[in-house]
Amino acid sequence: MLDLKFVREHLDLVKEKTAQQGMDLDVSEFERLDEERRRLLAEVESLKHQRNQVNREIAERKKAKEDAAEIIAEMKAVSARIKELDSLTNAAITAVNDFLLQLPNIPDDTVPVGQSDEDNPVVKTWGEAPQFDFEPLNHWDVGVALDILDFKRAAKITGARFSLLKGPASNMERALINYMLDLHTREHGYTEVLTPFMVNSDSMYGTGQLPKFAEESFKLEGWDYYLVPTAEVPVTNIHRDEILDGDDLPLYYTAYTPCFRSEAGSYGQDTRGMIRQHQFDKVELVKFCRPEDSYDELEGLLANAEAVLQGLGLHYRIVSLCTGDLGFSAAKTYDIEVWLPGQGRYREISSCSDFTDFQARRANIRFRPDSNSKTELVHTVNGSGLAVGRTMAAILENNQQADGSVVIPEVLHKYMGGMTVIEKTA
RNA sequence: GGAGAGAUGGCCGAGCUGGCUGAAGGCGCUCGCCUGCUAAGCGAGUAAGGGGGGAAACUUCCUUCGAGGGUUCGAAUCCCUCUCUCUCCGCCA
């Protein structure tokens with residue numbers, strides 16, 4: 001959420017920036033709502049002031065055993081009016097708030113201007129695409145042939161967009177999670193947390209999934225609980241409604257969670273394989289930091305995510321999301337895209353964003369720079385480090401061999417009982 | 001699932017026979033004083049959000065004692081609903 005004062009004072013800028021993201025903002029509507037809100041507030045507050053003063057008078061008279069019946073009768077009318085105005089005021093505040101909740105974050109000045117993902121500039125490439133002397137297969141063909149991935153039975157158990165992992169694949173899933181968590185905790189300074197996999201709606205509002213993206217989430221029937229779409233939600237909300245000590249910043253957290261997404265609106269895309277599932281595992285990186293540090297913290301977090309791919313020896317590139325492709329809450333985002341030879345293209349495997357104070361304002365996460373100063377909103381930065389299912393897909397496609405076997409990256413050997421290659425077992 | 005207790009400021013903890021209580025006291029923290037250093041001691045200050053005024057320091061008003069409703073001229077204090085925490089019983093991985 002953007003700051004009310006900021007929006008009021010920079011309406012043209014907000015209008016211009018949101019237009020870059022394809023929104024047509026009704027500025028006059030906002031001005032009307034905002035004025036309405038302030039008008040009502042002024043009126044009801046002056047009545048409350050009057051009531052407070054007269055109440056003091058009543059208290060004194062009662063104490064002196066004097067009669068107060070007359071002014072009590074007078075106050076009855078005032079109180080009734082306050083009640084009316086209070087509900088109008090609350091409605092006006094809610095209206096302004098709802099308007100603000102619809103507004104996306106303002107992109108940072110360094111974000112490239114563009115319409116869609118086709119306009120995202122590549123800012124870095126690492127490694128090289130492996131060469132094959134045969135036609136590389138898609139990961140699902142590799143996995144099914146090895147009898148370690150089973151989409152048919154997953155569909156029987158649940159439905160489309162789920163997968164059943166078997167033997168070395170399920171072991172590799174665990175191995176990847178542990179490899180990533182160990183790397184981030186032992187070498188990158190993150191604190192590991194294991195969170196609830198369901199969150200309440202306050203948490204979903206805090207990170208910006210609600211109210212705009214309700215249809216993307218799975219909600220439990222009869223409960224105010226949602227299956228986490230990403231660990232970003234529970235981890236960021238660890239500090240919701242808290243005032244952090246400035247000396248404790250920055251805070252680094254990493255968490256493994258499964259992620260649940262309805263993928264509404266993506267019908268027909270990536271219907272095969274593990275790329276786009278209703279449930280997938282992810283290791284997330286989340287930072288809380290001082291405002292002046294957030295862009296540096298984003299660069300650092302990106303490097304932490306890259307280290308995972310470098311350790312696995314997977315070729316990737318980094319793109320900087322342009323204004324038209326930027327997510328709702330982000331001020332700046334880098335996507336890491338891993339090379340998938342079976343598909344012959346790069347696919348997003350991590351998305352690292354600086355949310356500036358956008359989430360912090362919604363989630364009310366503040367800090368005190370030093371013990372004598374006022375509170376300020378923290379900045380939040382987060383990114384995948386990495387999406388586990390897509391990492392497995394990348395390994396299956398990049399490390400496949402002519403005989404159908406798959407070479408296991410060396411860093412995973414110790415997590416897989418020394419196994420070095422996945423071969424078809426008769 | 002059954003029975004009971006509770007939720008107050010950064011933390012602990014009074015108030016809960018309704019009216020100078022935004023809230024005693026303590027801890028912590030900040031500034032100052034003092035003791036040769038440290039520890040202790042003394043004094044002052046120390047909630048958040050919002051509206052108005054001011055260039056600013058600041059000032060003024062409103063709101064907030066788990067959340068939401070109600071009673072009342074007036075609610076941290078009374079009533080209702082919900083959420084969460086704790087204790088006991090039952091059940092269970």
# chains A, B, ... in the order shown; residues from 1 in each chain; ligands from 1
$ residues_around --residues "segment 24-39 of chain B" --least-positions-apart "5" --cutoff "10 Å" --atoms "only C-alpha atoms (C1' of nucleotides)" --output "list in words"
Asp370, Ser371 and Asn372 of chain A; G10, C11, C12, G13, A14, G15, A44, G45 and U46 of chain B
$ interface_residues --of "chain B" --to "chain A" --cutoff "8 Å" --atoms "only C-alpha atoms (C1' of nucleotides)" --output "list in words"
G19, C20, C29, U30, G51, C61, C62, C73 and G74 of chain B
$ write_last_selection --atoms "N, CA and C atoms (P, O5', C5', C4', C3', O3' and C1' of nucleotides)" --output "tab-separated table (two decimals), in the first residue's frame"
chain	number	residue	atom	x	y	z
B	19	G	P	-14.77	5.61	37.44
B	19	G	O5'	-15.25	6.82	36.53
B	19	G	C5'	-14.42	7.27	35.43
B	19	G	C4'	-14.65	8.75	35.22
B	19	G	C3'	-14.15	9.58	36.38
B	19	G	O3'	-13.08	10.40	35.92
B	19	G	C1'	-16.37	10.19	35.74
B	20	C	P	-11.66	10.24	35.63
B	20	C	O5'	-10.96	10.74	36.98
B	20	C	C5'	-10.85	12.13	37.29
B	20	C	C4'	-9.88	12.79	36.34
B	20	C	C3'	-8.39	12.71	36.67
B	20	C	O3'	-7.85	11.44	36.30
B	20	C	C1'	-8.92	14.89	35.91
B	29	C	P	19.08	-0.70	29.69
B	29	C	O5'	18.55	0.40	28.67
B	29	C	C5'	18.33	0.08	27.30
B	29	C	C4'	17.58	1.19	26.62
B	29	C	C3'	18.21	2.57	26.77
B	29	C	O3'	19.26	2.77	25.84
B	29	C	C1'	15.90	2.72	27.22
B	30	U	P	20.50	3.71	26.24
B	30	U	O5'	19.89	5.18	26.11
B	30	U	C5'	19.51	5.67	24.82
B	30	U	C4'	18.97	7.06	24.96
B	30	U	C3'	19.84	8.02	25.76
B	30	U	O3'	20.87	8.57	24.97
B	30	U	C1'	17.62	8.18	26.52
B	51	G	P	-3.77	12.63	8.69
B	51	G	O5'	-4.77	13.64	9.40
B	51	G	C5'	-6.13	13.71	8.99
B	51	G	C4'	-6.86	14.76	9.77
B	51	G	C3'	-6.27	16.17	9.71
B	51	G	O3'	-6.58	16.84	8.51
B	51	G	C1'	-6.83	15.65	11.94
B	61	C	P	-5.71	20.31	23.63
B	61	C	O5'	-6.60	19.52	22.57
B	61	C	C5'	-7.84	20.06	22.13
B	61	C	C4'	-8.32	19.33	20.91
B	61	C	C3'	-8.54	17.83	21.08
B	61	C	O3'	-9.76	17.55	21.72
B	61	C	C1'	-7.40	18.22	19.05
B	62	C	P	-9.92	16.18	22.54
B	62	C	O5'	-10.07	15.12	21.36
B	62	C	C5'	-11.21	15.15	20.51
B	62	C	C4'	-11.07	14.09	19.44
B	62	C	C3'	-10.82	12.68	19.96
B	62	C	O3'	-12.00	12.05	20.40
B	62	C	C1'	-9.34	13.13	18.18
B	73	C	P	-28.05	8.62	28.46
B	73	C	O5'	-26.75	9.48	28.19
B	73	C	C5'	-26.76	10.49	27.18
B	73	C	C4'	-25.51	11.33	27.31
B	73	C	C3'	-24.22	10.54	27.45
B	73	C	O3'	-23.72	10.14	26.19
B	73	C	C1'	-24.29	12.20	29.10
B	74	G	P	-23.12	8.68	26.02
B	74	G	O5'	-21.83	8.70	26.94
B	74	G	C5'	-20.70	9.48	26.55
B	74	G	C4'	-19.66	9.47	27.63
B	74	G	C3'	-19.16	8.10	28.04
B	74	G	O3'	-18.16	7.63	27.14
B	74	G	C1'	-19.63	9.37	29.96
$ atom_distance --atom1 "atom CA of Leu386 of chain A" --atom2 "atom CA of Pro258 of chain A"
11.9 Å
$ residues_around --residues "Gly344 of chain A" --least-positions-apart "2" --cutoff "10 Å" --atoms "only C-alpha atoms (C1' of nucleotides)" --output "list in words"
Ala129, Pro136, Leu137, Asn138, Trp339, Leu340, Pro341, Gly342, Tyr346, Arg347 and Glu397 of chain A
$ write_last_selection --atoms "C-alpha atoms" --output "tab-separated table (two decimals), in the first residue's frame"
chain	number	residue	atom	x	y	z
A	129	ALA	CA	23.95	-24.35	-22.27
A	136	PRO	CA	17.27	-33.67	-25.40
A	137	LEU	CA	13.92	-34.67	-23.93
A	138	ASN	CA	11.51	-32.70	-21.80
A	339	TRP	CA	17.99	-22.96	-19.21
A	340	LEU	CA	15.75	-25.92	-20.05
A	341	PRO	CA	17.26	-27.72	-23.05
A	342	GLY	CA	14.27	-30.05	-23.44
A	346	TYR	CA	14.78	-20.17	-20.35
A	347	ARG	CA	12.20	-20.47	-17.58
A	397	GLU	CA	16.76	-31.78	-18.67
$ atom_distance --atom1 "atom CA of Leu312 of chain A" --atom2 "atom CA of Leu146 of chain A"
20.8 Å
$ select_by_dssp --residues "segment 269-331 of chain A" --states "strand (DSSP E)" --output "list in words"
Gln279, Phe280, Asp281, Lys282, Val283, Glu284, Leu285, Val286, Lys287, Phe288, Cys289, Tyr316, Arg317, Ile318, Val319 and Ser320 of chain A
$ atom_distance --atom1 "atom CA of Pro104 of chain A" --atom2 "atom CA of Leu321 of chain A"
14.8 Å
$ residues_around --residues "Leu149 of chain A" --least-positions-apart "6" --cutoff "8 Å" --atoms "only C-alpha atoms (C1' of nucleotides)" --output "list in words"
Trp140, Gly143, Ser163, Leu164, Leu165, Lys166 and Ala169 of chain A
